[in-house]
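Undergrad: Before I ask anything, let me first share the structure, which is written out below as structure tokens.
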Amino acid sequence: MAVVSTTELRKNYGQIAALKGVSIQVEPGQIYGLLGQNGAGKSTLVKILLGIVRKTGGDAYLLGYPAGTTDVRRRVGYLPEDHQFPGYHTARSLLDFYGRLYGLSRDDRQKRIAECLEIVGLQKRMDYKIRTYSKGMKQRLGIAQAFFHDPEVIFLDEPTDGVDPVGRKEIRDLLQQLKAEGRTIFFNSHLLSEVEMISDQVAILQKGEIVRQGTVADLTRQEGRFVIGLAPGQAFPTEAVGKIGYAATRSGDHWEVVTGVGDRGIDAVLGLLHEQGLSLRHLVEKKQTLEDVFVSMVESAEPGTDRRPARVARPVAARRADR
Ligand SMILES: Nc1ncnc2c1ncn2[C@@H]1O[C@H](COP(=O)(O)OP(=O)(O)OP(=O)(O)O)[C@@H](O)[C@H]1O
């Protein structure tokens with residue numbers, strides 16, 4: 001059973017169509033990365049799944065139940081974007097507070113606090129006030145809060161936002177650890193290299209629509225392009241390769257050979273190199289980065305149109321109706 005399943009999910013905020021028929025599936029034990037520009041609808045999708053915002057149409061299921069089902073929330077952890085834990089709390093007192101909300105006994109809370117803070121590497125600072133924590137420490141504490149009650153699925157909104165490269169690596173390792181424990185991780189991020197490094201599945205959301213989804217390998221593959229390197233001093237037989245119907249261009253110390261999409265493959269070129277007594281030192285199918293894929297997806301959008309419009313204060317009744 002899919003952990004998250006949406007079909008033709010739609011959400012309108014008044015005139016604004018935030019989601020225009022989104023269909024996604026997240027399988028158990030995956031790290032699922034949701035990408036999109038500001039205002040693409042990422043938070044809206046997560047908020048519908050968590051029952052914070054009501055859908056306008058379509059279907060949304062979380063752990064097999066309609067999104068928003070109260071009992072399912074116990075099985076879910078959530079780290080919101082820009083969380084602001086009160087600075088007067090310590091890591092220990094904050095998790096104790098959440099433990100009481102979850103209805104854990106005093107003994108269970110003490111045990112779980114020690115375990116969780118050890119996992120996120122905050123045990124030595126657990127009695128310091130949160131206001132003395134760095135951004136990376138606050139994010140790690142936020143993640144500890146999200147998995148404190150041992151949830152099956154964890155939603156993380158920009159978990160590495162504002163964190164330095166070392167802190168980001170620590171958070172990536174932490175997410176891998178949570179995945180190794182069998183949890184499903186659903187996260188939003190603007191940091192495409194992060195998403196590329198840890199996600200099993202990725203979806204790109206643009207103006208309320210999923211424009212690409214698949215594994216990182218699927219999304220970044222450039223079918224029909226190979227990069228070849230020969231032993232030092234050997235010249236690539238561009239002309240001979242051209243005669244058998246392949247275009248080759250030099251790129252630094254390597255040559256890029258276009259085979260085109262289909263069954264043709266690169267074998268004929270390799271055979272020719274062999275016949276000519278050349279020695280192959282490097283051969284890979286060319287890949288693009290997730291950033292290349294993402295930029296090519298969104299560059300067709302008119303500049304600025306995907307930006308979140310300035311919020312205008314609206315009557316309370318209208319805002320309630322949007323929920
Ligand atoms: N409560 C609301 N009332 C009216 N419009 C809203 C509301 N919340 C979001 N929107 C609009 O819905 C669209 C999607 O917003 P959403 O916050 O889901 O995008 P996002 O991808 O999470 O953006 P960001 O990366 O900036 O957090 C935007 O056009 C936004 O202005």
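Residue numbering restarts at 1 in every chain; chains get A, B, ... in the order shown in the structure tokens, and ligands count up from 1 in that same order.
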Give me, as a ChimeraX atom specification, the set of residues whose atoms come within 6 Å of any atom of ligand 1, counting only C-alpha atoms and all ligand atoms.

TA: /A:13,18,36-44,308-309

Undergrad: Taking C-alpha atoms for each residue, export the selection above as a short mmCIF file (atom, residue, chain, number, x, y, z; two decimals), in the first residue's frame.

TA:
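Done, and the output landed in selection-v8.cif:
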```cif
data_model
loop_
_atom_site.label_atom_id
_atom_site.label_comp_id
_atom_site.auth_asym_id
_atom_site.auth_seq_id
_atom_site.Cartn_x
_atom_site.Cartn_y
_atom_site.Cartn_z
CA TYR A 13 -7.73 29.48 -2.85
CA ALA A 18 -2.76 26.20 -6.28
CA GLY A 36 9.16 23.42 -7.27
CA GLN A 37 9.65 27.15 -7.45
CA ASN A 38 8.17 29.48 -4.87
CA GLY A 39 4.41 29.32 -5.12
CA ALA A 40 4.37 26.04 -7.12
CA GLY A 41 2.02 24.45 -4.56
CA LYS A 42 4.41 22.25 -2.50
CA SER A 43 3.24 23.41 0.93
CA THR A 44 -0.38 23.23 -0.16
CA ARG A 308 4.11 34.18 -4.65
CA PRO A 309 2.02 37.35 -4.92
#
```

Undergrad: If you count only C-alpha atoms, which residues fall within 12 Å of region 226-234 of chain A, apart from same-chain ones fewer than 4 positions away, as a tab-separated table (two decimals) with C-alpha atoms, in the first residue's frame?

TA:
```tsv
chain	number	residue	atom	x	y	z
A	221	ARG	CA	19.69	10.30	-17.86
A	222	GLN	CA	20.52	11.77	-21.26
A	238	THR	CA	36.24	11.80	-35.46
A	246	TYR	CA	27.95	9.07	-35.42
A	247	ALA	CA	28.59	12.70	-34.54
A	248	ALA	CA	31.49	13.25	-32.13
A	249	THR	CA	32.60	16.53	-30.57
A	250	ARG	CA	35.56	17.26	-28.37
A	251	SER	CA	34.92	18.44	-24.83
A	252	GLY	CA	38.23	19.04	-22.96
A	253	ASP	CA	40.08	15.72	-22.72
A	254	HIS	CA	36.99	13.75	-23.76
A	255	TRP	CA	34.76	13.29	-26.78
A	256	GLU	CA	31.02	13.34	-26.70
A	257	VAL	CA	29.38	10.91	-29.09
A	258	VAL	CA	25.74	11.19	-30.03
A	259	THR	CA	24.15	7.84	-30.81
A	260	GLY	CA	20.59	9.08	-30.72
A	261	VAL	CA	17.69	7.47	-28.92
A	265	GLY	CA	24.01	1.98	-28.75
A	266	ILE	CA	27.70	2.79	-28.71
A	267	ASP	CA	29.10	-0.65	-29.61
A	269	VAL	CA	32.02	3.16	-32.12
A	270	LEU	CA	33.85	1.02	-29.55
A	273	LEU	CA	38.27	2.34	-31.71
A	274	HIS	CA	39.42	-1.21	-31.05
A	276	GLN	CA	42.26	1.25	-34.84
A	277	GLY	CA	44.30	0.06	-31.86
A	278	LEU	CA	43.09	2.88	-29.59
A	279	SER	CA	42.68	2.25	-25.88
A	280	LEU	CA	39.57	3.27	-24.04
A	281	ARG	CA	40.12	4.90	-20.65
A	282	HIS	CA	36.71	6.37	-19.95
A	283	LEU	CA	33.15	5.60	-21.03
A	284	VAL	CA	29.96	6.87	-19.41
A	285	GLU	CA	26.47	7.61	-20.55
A	286	LYS	CA	26.13	11.35	-20.24
A	287	LYS	CA	23.96	12.63	-17.40
A	288	GLN	CA	22.57	16.00	-16.64
```

Undergrad: Considering only C-alpha atoms, can you say which of A:Thr90, A:Thr7, A:Asn188, A:Ser23 comes closest to Glu158 (chain A)?

TA: A:Asn188

Undergrad: Which of region 73-153 of chain A counts as strand (DSSP E or B) under DSSP, as JSON, numbers by chain please?

TA: {"A": [76, 77, 78, 79, 90, 129, 153]}

Undergrad: For the residues in that selection, give me C-alpha atoms as a compact mmCIF listing (two decimals), in the first residue's frame.

TA:
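The file below, again.txt, is the result:
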```txt
# COMPACT_ATOMS: atom_id res chain seq x y z
CA VAL A 76 3.00 11.00 10.95
CA GLY A 77 5.78 13.44 11.88
CA TYR A 78 6.05 16.99 10.49
CA LEU A 79 8.77 19.62 10.42
CA THR A 90 15.85 23.66 26.05
CA LYS A 129 18.32 27.20 25.83
CA VAL A 153 6.17 8.76 7.69
```

Undergrad: Which residues are close to region 24-34 of chain A, i.e. within 8 Å by only C-alpha atoms, leaving aside same-chain residues fewer than 5 positions away? Reply as a list in words.

TA: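 Neighbouring residues, sequence-local ones excluded: Met1, Ala2, Val3, Val4, Ser5, Thr6, Thr7, Lys42, Lys179, Ala180, Gly182, Arg183, Thr184, Ile185, Phe186, Phe187, Asn188, Ser189, Val195, Ile198, Ser199, Asp200, Gln201, Val202, Ala203, Ile204 and Leu205 of chain A.
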
Undergrad: With a cut-off of 12 Å, could you pull out the residues of region 69-94 of chain A touching region 138-145 of chain A and give me the nearest pair of atoms for each, distance in Å to one decimal, using only C-alpha atoms, ordered by chain and ascending number, as JSON lines?

TA:
```
{"residue": "A:Val76", "atom": "CA", "partner": "A:Gln145", "partner_atom": "CA", "distance": 11.3}
{"residue": "A:Gly77", "atom": "CA", "partner": "A:Gln145", "partner_atom": "CA", "distance": 7.9}
{"residue": "A:Tyr78", "atom": "CA", "partner": "A:Gln145", "partner_atom": "CA", "distance": 8.1}
{"residue": "A:Leu79", "atom": "CA", "partner": "A:Gly142", "partner_atom": "CA", "distance": 6.1}
{"residue": "A:Pro80", "atom": "CA", "partner": "A:Gly142", "partner_atom": "CA", "distance": 8.5}
{"residue": "A:Glu81", "atom": "CA", "partner": "A:Gln139", "partner_atom": "CA", "distance": 9.9}
{"residue": "A:Asp82", "atom": "CA", "partner": "A:Gln139", "partner_atom": "CA", "distance": 9.5}
{"residue": "A:His83", "atom": "CA", "partner": "A:Gly142", "partner_atom": "CA", "distance": 7.8}
{"residue": "A:Gln84", "atom": "CA", "partner": "A:Lys138", "partner_atom": "CA", "distance": 9.0}
{"residue": "A:Phe85", "atom": "CA", "partner": "A:Lys138", "partner_atom": "CA", "distance": 8.3}
{"residue": "A:Pro86", "atom": "CA", "partner": "A:Lys138", "partner_atom": "CA", "distance": 10.9}
{"residue": "A:Gly87", "atom": "CA", "partner": "A:Lys138", "partner_atom": "CA", "distance": 10.1}
{"residue": "A:His89", "atom": "CA", "partner": "A:Leu141", "partner_atom": "CA", "distance": 11.5}
{"residue": "A:Thr90", "atom": "CA", "partner": "A:Leu141", "partner_atom": "CA", "distance": 10.0}
{"residue": "A:Ala91", "atom": "CA", "partner": "A:Leu141", "partner_atom": "CA", "distance": 6.8}
{"residue": "A:Arg92", "atom": "CA", "partner": "A:Leu141", "partner_atom": "CA", "distance": 9.8}
{"residue": "A:Ser93", "atom": "CA", "partner": "A:Gln145", "partner_atom": "CA", "distance": 11.4}
{"residue": "A:Leu94", "atom": "CA", "partner": "A:Gln145", "partner_atom": "CA", "distance": 8.3}
```

Undergrad: Would you mind exporting C-alpha atoms of the selected residues as a JSON list (two decimals), in the first residue's frame?

TA:
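Generated file (result.json):
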```json
[["chain", "number", "residue", "atom", "x", "y", "z"],
["A", 76, "VAL", "CA", 3.00, 11.00, 10.95],
["A", 77, "GLY", "CA", 5.78, 13.44, 11.88],
["A", 78, "TYR", "CA", 6.05, 16.99, 10.49],
["A", 79, "LEU", "CA", 8.77, 19.62, 10.42],
["A", 80, "PRO", "CA", 7.22, 22.86, 9.14],
["A", 81, "GLU", "CA", 9.22, 25.43, 7.22],
["A", 82, "ASP", "CA", 10.45, 28.33, 9.36],
["A", 83, "HIS", "CA", 9.48, 26.69, 12.63],
["A", 84, "GLN", "CA", 10.08, 28.96, 15.59],
["A", 85, "PHE", "CA", 10.52, 26.94, 18.76],
["A", 86, "PRO", "CA", 10.40, 29.25, 21.79],
["A", 87, "GLY", "CA", 13.96, 30.25, 22.69],
["A", 89, "HIS", "CA", 12.92, 26.04, 25.98],
["A", 90, "THR", "CA", 15.85, 23.66, 26.05],
["A", 91, "ALA", "CA", 15.98, 20.67, 23.68],
["A", 92, "ARG", "CA", 14.99, 18.49, 26.64],
["A", 93, "SER", "CA", 12.05, 20.63, 27.77],
["A", 94, "LEU", "CA", 10.78, 21.07, 24.20]]
```
